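Visitor: My file is run_32.cif. It has mmCIF, C-alpha atoms:
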```cif
data_input
loop_
_atom_site.group_PDB
_atom_site.id
_atom_site.type_symbol
_atom_site.label_atom_id
_atom_site.label_comp_id
_atom_site.auth_asym_id
_atom_site.auth_seq_id
_atom_site.Cartn_x
_atom_site.Cartn_y
_atom_site.Cartn_z
ATOM 1 C CA MET A 18 102.361 -3.677 45.707
ATOM 2 C CA ARG A 19 106.185 -3.482 45.962
ATOM 3 C CA ASN A 20 106.447 -2.454 42.281
ATOM 4 C CA ILE A 21 104.114 0.519 42.666
ATOM 5 C CA PRO A 22 105.925 3.845 43.225
ATOM 6 C CA PRO A 23 104.731 6.217 45.974
ATOM 7 C CA ILE A 24 101.348 7.728 45.167
ATOM 8 C CA HIS A 25 102.578 11.347 45.435
ATOM 9 C CA LEU A 26 104.966 10.658 42.547
ATOM 10 C CA ILE A 27 102.154 9.178 40.445
ATOM 11 C CA VAL A 28 99.869 12.168 41.132
ATOM 12 C CA ALA A 29 102.627 14.591 40.102
ATOM 13 C CA PHE A 30 103.268 12.611 36.914
ATOM 14 C CA ASP A 31 99.555 12.630 36.030
ATOM 15 C CA ALA A 32 99.299 16.396 36.534
ATOM 16 C CA VAL A 33 102.312 17.159 34.305
ATOM 17 C CA ALA A 34 101.125 14.702 31.640
ATOM 18 C CA ARG A 35 97.595 16.126 31.551
ATOM 19 C CA LEU A 36 98.611 19.776 31.616
ATOM 20 C CA GLN A 37 101.837 19.368 29.596
ATOM 21 C CA SER A 38 103.445 21.907 31.871
ATOM 22 C CA PHE A 39 105.475 21.722 35.059
ATOM 23 C CA THR A 40 104.273 25.207 36.025
ATOM 24 C CA ALA A 41 100.587 24.374 35.574
ATOM 25 C CA ALA A 42 101.058 21.115 37.480
ATOM 26 C CA SER A 43 102.741 22.928 40.363
ATOM 27 C CA GLN A 44 99.818 25.375 40.546
ATOM 28 C CA GLU A 45 97.224 22.593 40.510
ATOM 29 C CA LEU A 46 98.997 20.642 43.276
ATOM 30 C CA HIS A 47 100.059 23.742 45.224
ATOM 31 C CA LEU A 48 103.735 22.818 45.016
ATOM 32 C CA SER A 49 106.806 24.625 43.752
ATOM 33 C CA ASN A 50 108.199 23.962 40.268
ATOM 34 C CA SER A 51 111.297 22.436 41.801
ATOM 35 C CA ALA A 52 109.210 20.051 43.918
ATOM 36 C CA ILE A 53 107.337 18.851 40.836
ATOM 37 C CA SER A 54 110.584 18.421 38.901
ATOM 38 C CA HIS A 55 112.108 16.488 41.784
ATOM 39 C CA ARG A 56 109.137 14.100 41.931
ATOM 40 C CA ILE A 57 109.260 13.447 38.177
ATOM 41 C CA ARG A 58 113.018 12.752 38.328
ATOM 42 C CA GLU A 59 112.493 10.401 41.278
ATOM 43 C CA LEU A 60 109.776 8.514 39.387
ATOM 44 C CA GLU A 61 111.982 8.215 36.289
ATOM 45 C CA GLN A 62 114.808 6.856 38.439
ATOM 46 C CA ILE A 63 112.521 4.265 40.003
ATOM 47 C CA LEU A 64 111.218 3.174 36.582
ATOM 48 C CA LYS A 65 114.627 3.517 34.927
ATOM 49 C CA THR A 66 113.094 5.276 31.920
ATOM 50 C CA THR A 67 112.484 8.757 30.532
ATOM 51 C CA LEU A 68 108.847 9.833 30.838
ATOM 52 C CA PHE A 69 109.019 13.323 29.301
ATOM 53 C CA HIS A 70 110.879 15.129 26.540
ATOM 54 C CA ARG A 71 111.634 18.603 27.861
ATOM 55 C CA THR A 72 112.358 21.735 25.843
ATOM 56 C CA THR A 73 112.533 25.342 26.900
ATOM 57 C CA ARG A 74 108.928 25.925 25.783
ATOM 58 C CA ASN A 75 107.000 22.722 26.307
ATOM 59 C CA VAL A 76 106.880 19.224 27.760
ATOM 60 C CA THR A 77 105.797 16.153 25.798
ATOM 61 C CA LEU A 78 105.378 12.534 26.827
ATOM 62 C CA SER A 79 107.862 9.943 25.667
ATOM 63 C CA PRO A 80 106.382 6.703 24.260
ATOM 64 C CA GLU A 81 106.953 5.078 27.653
ATOM 65 C CA GLY A 82 105.390 8.089 29.378
ATOM 66 C CA ALA A 83 102.338 8.010 27.100
ATOM 67 C CA TYR A 84 101.797 4.315 27.850
ATOM 68 C CA LEU A 85 102.141 4.868 31.588
ATOM 69 C CA HIS A 86 99.838 7.875 31.604
ATOM 70 C CA HIS A 87 97.092 5.947 29.831
ATOM 71 C CA GLN A 88 97.208 3.329 32.594
ATOM 72 C CA VAL A 89 97.562 5.866 35.408
ATOM 73 C CA ARG A 90 94.625 8.022 34.202
ATOM 74 C CA ALA A 91 92.297 5.021 34.073
ATOM 75 C CA SER A 92 93.345 3.935 37.564
ATOM 76 C CA LEU A 93 92.995 7.404 39.069
ATOM 77 C CA ALA A 94 89.578 7.853 37.426
ATOM 78 C CA SER A 95 88.459 4.577 38.974
ATOM 79 C CA LEU A 96 89.698 5.720 42.376
ATOM 80 C CA GLU A 97 87.965 9.077 42.026
ATOM 81 C CA THR A 98 84.674 7.315 41.276
ATOM 82 C CA ALA A 99 85.125 4.944 44.199
ATOM 83 C CA PHE A 100 85.866 7.763 46.655
ATOM 84 C CA SER A 101 82.939 9.789 45.326
ATOM 85 C CA ASN A 102 80.576 6.854 45.751
ATOM 86 C CA LEU A 103 81.860 6.124 49.239
ATOM 87 C CA THR A 104 81.374 9.655 50.474
ATOM 88 C CA LEU A 105 78.203 10.573 48.518
ATOM 89 C CA GLU A 106 77.854 13.761 50.589
ATOM 90 C CA ARG A 107 78.440 11.909 53.836
ATOM 91 C CA ASP A 108 76.650 8.895 52.399
ATOM 92 C CA VAL A 109 73.363 10.805 51.984
ATOM 93 C CA VAL A 110 70.769 9.276 49.676
ATOM 94 C CA ARG A 111 67.827 11.548 48.811
ATOM 95 C CA ILE A 112 64.432 9.916 48.284
ATOM 96 C CA SER A 113 61.421 11.677 46.810
ATOM 97 C CA ALA A 114 58.067 9.972 47.420
ATOM 98 C CA LEU A 115 54.388 10.711 47.788
ATOM 99 C CA PRO A 116 53.549 11.659 51.394
ATOM 100 C CA SER A 117 51.324 8.582 51.797
ATOM 101 C CA PHE A 118 54.024 6.138 50.626
ATOM 102 C CA ALA A 119 56.671 7.893 52.705
ATOM 103 C CA ARG A 120 54.509 7.808 55.831
ATOM 104 C CA PHE A 121 52.971 4.342 55.657
ATOM 105 C CA CYS A 122 55.708 2.386 53.865
ATOM 106 C CA LEU A 123 59.123 4.011 54.302
ATOM 107 C CA LEU A 124 58.994 5.675 57.728
ATOM 108 C CA PRO A 125 58.015 2.541 59.696
ATOM 109 C CA ALA A 126 61.020 0.706 58.221
ATOM 110 C CA LEU A 127 63.615 3.468 58.651
ATOM 111 C CA THR A 128 64.658 2.588 62.208
ATOM 112 C CA ASN A 129 65.627 -0.974 61.330
ATOM 113 C CA PHE A 130 67.380 0.211 58.181
ATOM 114 C CA HIS A 131 69.560 2.629 60.141
ATOM 115 C CA LYS A 132 70.429 -0.076 62.667
ATOM 116 C CA THR A 133 71.752 -2.241 59.846
ATOM 117 C CA HIS A 134 73.258 0.530 57.696
ATOM 118 C CA SER A 135 74.504 3.140 60.153
ATOM 119 C CA ARG A 136 76.769 4.849 57.585
ATOM 120 C CA ILE A 137 73.928 5.707 55.232
ATOM 121 C CA SER A 138 71.897 8.831 55.895
ATOM 122 C CA ILE A 139 68.538 9.059 54.127
ATOM 123 C CA THR A 140 66.945 12.401 53.319
ATOM 124 C CA LEU A 141 63.254 11.832 52.700
ATOM 125 C CA HIS A 142 61.280 14.389 50.660
ATOM 126 C CA PRO A 143 57.533 13.647 50.944
ATOM 127 C CA SER A 144 55.836 15.661 48.227
ATOM 128 C CA THR A 145 53.142 15.498 45.596
ATOM 129 C CA GLN A 146 55.474 17.483 43.341
ATOM 130 C CA ILE A 147 57.454 15.340 40.896
ATOM 131 C CA ALA A 148 61.197 15.597 41.545
ATOM 132 C CA ASN A 149 63.357 15.611 38.421
ATOM 133 C CA ILE A 150 65.807 12.745 38.907
ATOM 134 C CA ASP A 151 67.909 13.531 35.855
ATOM 135 C CA GLN A 152 68.422 17.132 36.986
ATOM 136 C CA GLY A 153 69.693 16.058 40.395
ATOM 137 C CA GLU A 154 66.651 16.992 42.495
ATOM 138 C CA ALA A 155 66.705 13.533 44.105
ATOM 139 C CA ASP A 156 68.716 10.325 43.926
ATOM 140 C CA ILE A 157 65.722 7.979 44.085
ATOM 141 C CA ALA A 158 62.027 8.663 43.483
ATOM 142 C CA ILE A 159 58.879 6.612 44.038
ATOM 143 C CA ARG A 160 56.116 7.452 41.561
ATOM 144 C CA PHE A 161 52.490 6.299 41.513
ATOM 145 C CA SER A 162 51.474 6.381 37.867
ATOM 146 C CA SER A 163 49.401 4.668 35.195
ATOM 147 C CA LYS A 164 52.291 5.045 32.737
ATOM 148 C CA THR A 165 55.956 4.160 32.983
ATOM 149 C CA PRO A 166 57.867 7.360 33.895
ATOM 150 C CA GLN A 167 60.971 8.407 31.995
ATOM 151 C CA ALA A 168 64.276 8.461 33.882
ATOM 152 C CA HIS A 169 67.863 7.242 33.731
ATOM 153 C CA TYR A 170 66.621 4.074 35.470
ATOM 154 C CA CYS A 171 63.031 2.994 36.066
ATOM 155 C CA GLU A 172 61.502 -0.262 37.261
ATOM 156 C CA LEU A 173 58.009 -1.405 38.184
ATOM 157 C CA LEU A 174 58.082 -1.577 41.963
ATOM 158 C CA LEU A 175 54.586 -2.643 42.968
ATOM 159 C CA LYS A 176 51.154 -3.233 41.493
ATOM 160 C CA ASP A 177 48.394 -2.244 43.873
ATOM 161 C CA GLU A 178 44.777 -2.998 44.671
ATOM 162 C CA TRP A 179 41.919 -1.475 46.661
ATOM 163 C CA PHE A 180 39.750 -3.108 49.341
ATOM 164 C CA PRO A 181 37.671 -1.885 52.335
ATOM 165 C CA VAL A 182 39.223 -1.457 55.782
ATOM 166 C CA ALA A 183 38.027 -0.078 59.097
ATOM 167 C CA ALA A 184 39.075 0.201 62.717
ATOM 168 C CA PRO A 185 37.954 -2.772 64.855
ATOM 169 C CA ARG A 186 36.099 -0.492 67.294
ATOM 170 C CA TYR A 187 34.175 1.125 64.459
ATOM 171 C CA LEU A 188 32.970 -2.283 63.293
ATOM 172 C CA GLN A 189 31.899 -3.061 66.852
ATOM 173 C CA GLN A 190 29.841 0.139 66.837
ATOM 174 C CA LEU A 191 28.124 -0.938 63.624
ATOM 175 C CA GLY A 192 27.088 -4.215 65.184
ATOM 176 C CA HIS A 193 26.680 -7.625 63.587
ATOM 177 C CA GLY A 194 25.151 -8.293 60.226
ATOM 178 C CA SER A 195 25.854 -9.228 56.638
ATOM 179 C CA LEU A 196 28.280 -7.244 54.508
ATOM 180 C CA CYS A 197 25.377 -5.451 52.839
ATOM 181 C CA GLU A 198 23.876 -4.556 56.229
ATOM 182 C CA LEU A 199 27.220 -3.193 57.489
ATOM 183 C CA PHE A 200 27.552 -0.939 54.456
ATOM 184 C CA GLU A 201 23.981 0.299 54.854
ATOM 185 C CA ARG A 202 24.807 1.527 58.359
ATOM 186 C CA ALA A 203 28.381 2.759 57.728
ATOM 187 C CA ASP A 204 29.847 6.045 56.643
ATOM 188 C CA LEU A 205 32.025 5.526 53.596
ATOM 189 C CA LEU A 206 35.381 7.253 53.437
ATOM 190 C CA THR A 207 36.164 7.956 49.790
ATOM 191 C CA HIS A 208 39.301 9.000 47.951
ATOM 192 C CA SER A 209 38.586 11.597 45.296
ATOM 193 C CA ARG A 210 40.403 9.510 42.677
ATOM 194 C CA GLN A 211 38.875 6.152 43.606
ATOM 195 C CA PRO A 212 35.073 6.038 44.034
ATOM 196 C CA TRP A 213 33.373 3.144 45.822
ATOM 197 C CA GLN A 214 31.137 2.094 42.923
ATOM 198 C CA PRO A 215 33.614 -0.238 41.124
ATOM 199 C CA TRP A 216 34.367 -2.127 44.332
ATOM 200 C CA MET A 217 30.687 -2.391 45.290
ATOM 201 C CA GLN A 218 29.832 -3.744 41.876
ATOM 202 C CA ALA A 219 32.613 -6.333 42.169
ATOM 203 C CA ALA A 220 31.401 -7.304 45.661
ATOM 204 C CA GLY A 221 27.737 -7.448 44.604
ATOM 205 C CA ILE A 222 26.651 -4.735 47.050
ATOM 206 C CA PRO A 223 23.882 -2.384 45.904
ATOM 207 C CA VAL A 224 24.951 1.253 45.579
ATOM 208 C CA SER A 225 22.682 3.431 47.685
ATOM 209 C CA ALA A 226 21.950 6.966 46.588
ATOM 210 C CA THR A 227 21.540 7.938 50.230
ATOM 211 C CA GLN A 228 24.835 6.398 51.319
ATOM 212 C CA ARG A 229 26.827 8.766 53.562
ATOM 213 C CA ASN A 230 30.175 9.632 51.943
ATOM 214 C CA ILE A 231 33.096 11.687 53.193
ATOM 215 C CA THR A 232 35.586 12.425 50.414
ATOM 216 C CA TYR A 233 39.311 13.085 50.839
ATOM 217 C CA SER A 234 41.890 14.112 48.265
ATOM 218 C CA ASP A 235 44.765 12.924 50.466
ATOM 219 C CA THR A 236 45.276 9.228 51.230
ATOM 220 C CA GLY A 237 46.890 9.977 54.563
ATOM 221 C CA PHE A 238 43.822 11.893 55.775
ATOM 222 C CA LEU A 239 41.602 9.102 54.441
ATOM 223 C CA LEU A 240 43.375 6.457 56.517
ATOM 224 C CA ASP A 241 43.581 8.779 59.529
ATOM 225 C CA ALA A 242 39.801 9.091 59.357
ATOM 226 C CA ALA A 243 39.430 5.317 59.338
ATOM 227 C CA LEU A 244 41.817 4.993 62.301
ATOM 228 C CA ASN A 245 39.729 7.590 64.155
ATOM 229 C CA LEU A 246 36.500 5.571 63.802
ATOM 230 C CA GLN A 247 34.938 7.845 61.186
ATOM 231 C CA GLY A 248 33.938 5.136 58.720
ATOM 232 C CA ILE A 249 34.982 2.414 56.300
ATOM 233 C CA ALA A 250 37.766 3.373 53.920
ATOM 234 C CA LEU A 251 38.674 1.991 50.537
ATOM 235 C CA GLY A 252 42.368 1.519 51.143
ATOM 236 C CA ARG A 253 45.324 0.598 48.947
ATOM 237 C CA ARG A 254 47.013 -2.638 49.933
ATOM 238 C CA SER A 255 50.496 -1.083 49.825
ATOM 239 C CA LEU A 256 49.539 1.565 52.386
ATOM 240 C CA VAL A 257 47.358 -0.421 54.793
ATOM 241 C CA GLN A 258 49.442 -3.598 55.030
ATOM 242 C CA ARG A 259 51.294 -2.580 58.203
ATOM 243 C CA LEU A 260 48.083 -1.259 59.781
ATOM 244 C CA LEU A 261 46.445 -4.620 59.125
ATOM 245 C CA GLN A 262 49.401 -6.480 60.593
ATOM 246 C CA ASP A 263 49.403 -4.504 63.845
ATOM 247 C CA GLY A 264 45.604 -4.672 64.186
ATOM 248 C CA SER A 265 44.958 -0.945 63.813
ATOM 249 C CA LEU A 266 42.684 -1.726 60.854
ATOM 250 C CA VAL A 267 40.929 -4.864 59.688
ATOM 251 C CA ARG A 268 40.027 -5.933 56.181
ATOM 252 C CA ILE A 269 36.277 -6.256 55.759
ATOM 253 C CA SER A 270 36.088 -8.287 52.528
ATOM 254 C CA ASP A 271 38.314 -10.508 50.410
ATOM 255 C CA VAL A 272 37.064 -8.728 47.303
ATOM 256 C CA ALA A 273 39.633 -6.350 45.831
ATOM 257 C CA ILE A 274 39.819 -4.305 42.650
ATOM 258 C CA PRO A 275 43.098 -3.592 40.850
ATOM 259 C CA SER A 276 44.478 -0.088 40.894
ATOM 260 C CA ALA A 277 44.869 1.634 37.532
ATOM 261 C CA GLN A 278 48.150 3.042 38.825
ATOM 262 C CA SER A 279 51.314 1.274 39.974
ATOM 263 C CA TYR A 280 54.389 2.253 41.934
ATOM 264 C CA PHE A 281 57.604 2.818 39.985
ATOM 265 C CA LEU A 282 61.114 3.203 41.338
ATOM 266 C CA LEU A 283 63.301 5.760 39.563
ATOM 267 C CA ALA A 284 67.019 6.225 40.187
ATOM 268 C CA SER A 285 69.662 8.651 38.985
ATOM 269 C CA GLU A 286 72.946 7.559 37.436
ATOM 270 C CA ARG A 287 74.653 8.732 40.614
ATOM 271 C CA ALA A 288 72.513 6.421 42.747
ATOM 272 C CA MET A 289 72.988 3.442 40.429
ATOM 273 C CA LEU A 290 76.785 3.829 40.517
ATOM 274 C CA SER A 291 76.890 4.171 44.296
ATOM 275 C CA ARG A 292 76.908 1.080 46.476
ATOM 276 C CA TYR A 293 74.955 3.082 49.054
ATOM 277 C CA GLY A 294 72.367 4.015 46.463
ATOM 278 C CA GLU A 295 72.041 0.362 45.464
ATOM 279 C CA THR A 296 71.632 -0.602 49.143
ATOM 280 C CA VAL A 297 68.740 1.847 49.522
ATOM 281 C CA ILE A 298 67.153 0.592 46.298
ATOM 282 C CA GLN A 299 67.305 -2.996 47.591
ATOM 283 C CA TRP A 300 65.738 -1.832 50.859
ATOM 284 C CA ILE A 301 62.829 -0.189 49.018
ATOM 285 C CA ARG A 302 62.375 -3.350 46.935
ATOM 286 C CA SER A 303 62.151 -5.431 50.101
ATOM 287 C CA ILE A 304 59.473 -3.092 51.502
ATOM 288 C CA ALA A 305 57.469 -3.433 48.291
ATOM 289 C CA ALA A 306 57.837 -7.225 48.323
ATOM 290 C CA SER A 307 56.587 -7.448 51.910
ATOM 291 C CA GLY A 308 53.520 -5.403 51.010
#
```
Represent the supplied structure as structure tokens.
Guide:
Amino acid sequence: MRNIPPIHLIVAFDAVARLQSFTAASQELHLSNSAISHRIRELEQILKTTLFHRTTRNVTLSPEGAYLHHQVRASLASLETAFSNLTLERDVVRISALPSFARFCLLPALTNFHKTHSRISITLHPSTQIANIDQGEADIAIRFSSKTPQAHYCELLLKDEWFPVAAPRYLQQLGHGSLCELFERADLLTHSRQPWQPWMQAAGIPVSATQRNITYSDTGFLLDAALNLQGIALGRRSLVQRLLQDGSLVRISDVAIPSAQSYFLLASERAMLSRYGETVIQWIRSIAASG
């Protein structure tokens, strides 16, 4: 470090070299022309070499100056990137996710994440609208799709499956009996995009035309209904895992059917270059792995 001149001299040299003008450099750095000239002379004295050829009309780099500026520009660019990644708008990482994934997967894990990573602030955007990662609408997005989305970076996060769940008290109300008998007496909570018939066929349970069904278009409302003793829900493993672990819901059958859609993690170039963005990505991966 002893051979490195003071940074204010290096910054002045870079400005003059880029702009090829002492006047333009002084304006950019908010210094007087004489101050810029003094810093360049001081740097040349330290290096014992001439960095610029000066005429009355222009300034050009000497061979030694051109070599130094190439090295200085690369170093300053690296520093600029590092500082940008460290600050990242006060270390804010913006995540766009479906409301159901945000509520049942991300929110329960946020408290522990902030305890471990106190410098990182997460802005969570729960929405069914697709945020455009490449246009800067979010840093990271979680998509539930049957096809691989297009983005600067995309990875398969989690394959999912469906199986029946219910609140323990609701099952007590139904009473004892075989699986077929339970379903004959139960109200079935249905998601509009995932009917019960495929699961019932896989489980060998007859489909009744008189079966009571309550249909929801929102997964959060579907699981809320199950938690409020309104029936048996066909739930996605990724969303009900925590509810099964804490006993709020119980799984009724080992039979499961695969989901036609999977979760994908998308990230912007900004997030991939930031160590804070990478930390959040690793956190989301760990949530998916635990599910």
Visitor: So which residues get picked by the PyMOL selection byres ((chain A and resi 69) around 9) here, written as a PyMOL selection string?
Guide: chain A and resi 34+57+67-68+70-71+76-83
Visitor: Quick one: residues within 12 Å of Ser303 (chain A), all atoms listed in the file counted, chain neighbours fewer than 4 positions away excluded, as a VMD selection string?
Guide: chain A and resid 122 to 123 126 130 174 to 175 296 to 299 307 to 308
Visitor: List the residues matched by the PyMOL selection byres ((chain A and resi 234-241) around 8) in the displayed structure as a list in words, ordered by chain and then by residue number.
Guide: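 So the PyMOL selection byres ((chain A and resi 234-241) around 8), applied here, picks out Pro116, Ser117, Leu206, Thr207, His208, Ser209, Arg210, Thr232, Tyr233, Ala242, Ala243, Leu244, Asn245, Ala250 and Gly252 of chain A.
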Visitor: Could you name the residues that touch region 270-282 of chain A at 9 Å or less, counting all atoms listed in the file, but leaving out those on the same chain fewer than 4 positions away, as a PyMOL selection string?
Guide: chain A and resi 157-166+170-182+196+211+215-216+219-220+253+298+301-302
Visitor: What is the distance between CA of Ile147 (chain A) and CA of His131 (chain A), in Å to one decimal?
Guide: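 Separation between CA of Ile147 (chain A) and CA of His131 (chain A): 26.0 Å.
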Visitor: Quick one: distance from CA of Asp31 (chain A) to CA of Leu290 (chain A) in Å, one decimal?
Guide: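 Separation between CA of Asp31 (chain A) and CA of Leu290 (chain A): 24.8 Å.
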Visitor: To one decimal place in Å, what is the distance between CA of Leu256 (chain A) and CA of Glu198 (chain A)?
Guide: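 Those two atoms sit 26.7 Å apart.
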Visitor: From the options A:Leu251, A:His169, A:Gly194, A:Val28, which residue's atoms come nearest to Pro212 (chain A), counting only C-alpha atoms?
Guide: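 Closest candidate: A:Leu251.
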Visitor: Translate the PyMOL selection byres ((chain A and resi 144) around 8), as applied to the file shown, into an explicit residue set as an NGL selection string.
Guide: :A and (113-116 or 142-143 or 145-147)
Visitor: Hey, which of A:Gln167, A:Gln152, A:Ser43, A:Ser285 ends up closest to Arg56 (chain A)? Count all atoms listed in the file.
Guide: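 When distances to Arg56 (chain A) are compared using all atoms listed in the file, the smallest one comes from A:Ser43.
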Visitor: Go through A:Arg136, A:His47, A:Leu85, A:Thr73 and flag the residue nearest Phe30 (chain A), using only C-alpha atoms for the distances.
Guide: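 Smallest distance to Phe30 (chain A) is found for A:Leu85.
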Visitor: Which of these, A:Leu26, A:Met289, A:Cys197, A:Ile63, has the shortest distance to Ser225 (chain A) once you count all atoms listed in the file?
Guide: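 Of A:Leu26, A:Met289, A:Cys197, A:Ile63, the one nearest Ser225 (chain A) is A:Cys197, counting all atoms listed in the file.
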Visitor: Any chance you could work out the axis-aligned box around region 110-124 of chain A, listed atoms only, 5 Å on each side, giving centre and edge lengths in Å to one decimal, as JSON?
Guide:
```
{"center_x": 61.0, "center_y": 7.0, "center_z": 52.3, "size_x": 29.4, "size_y": 19.3, "size_z": 20.9}
```
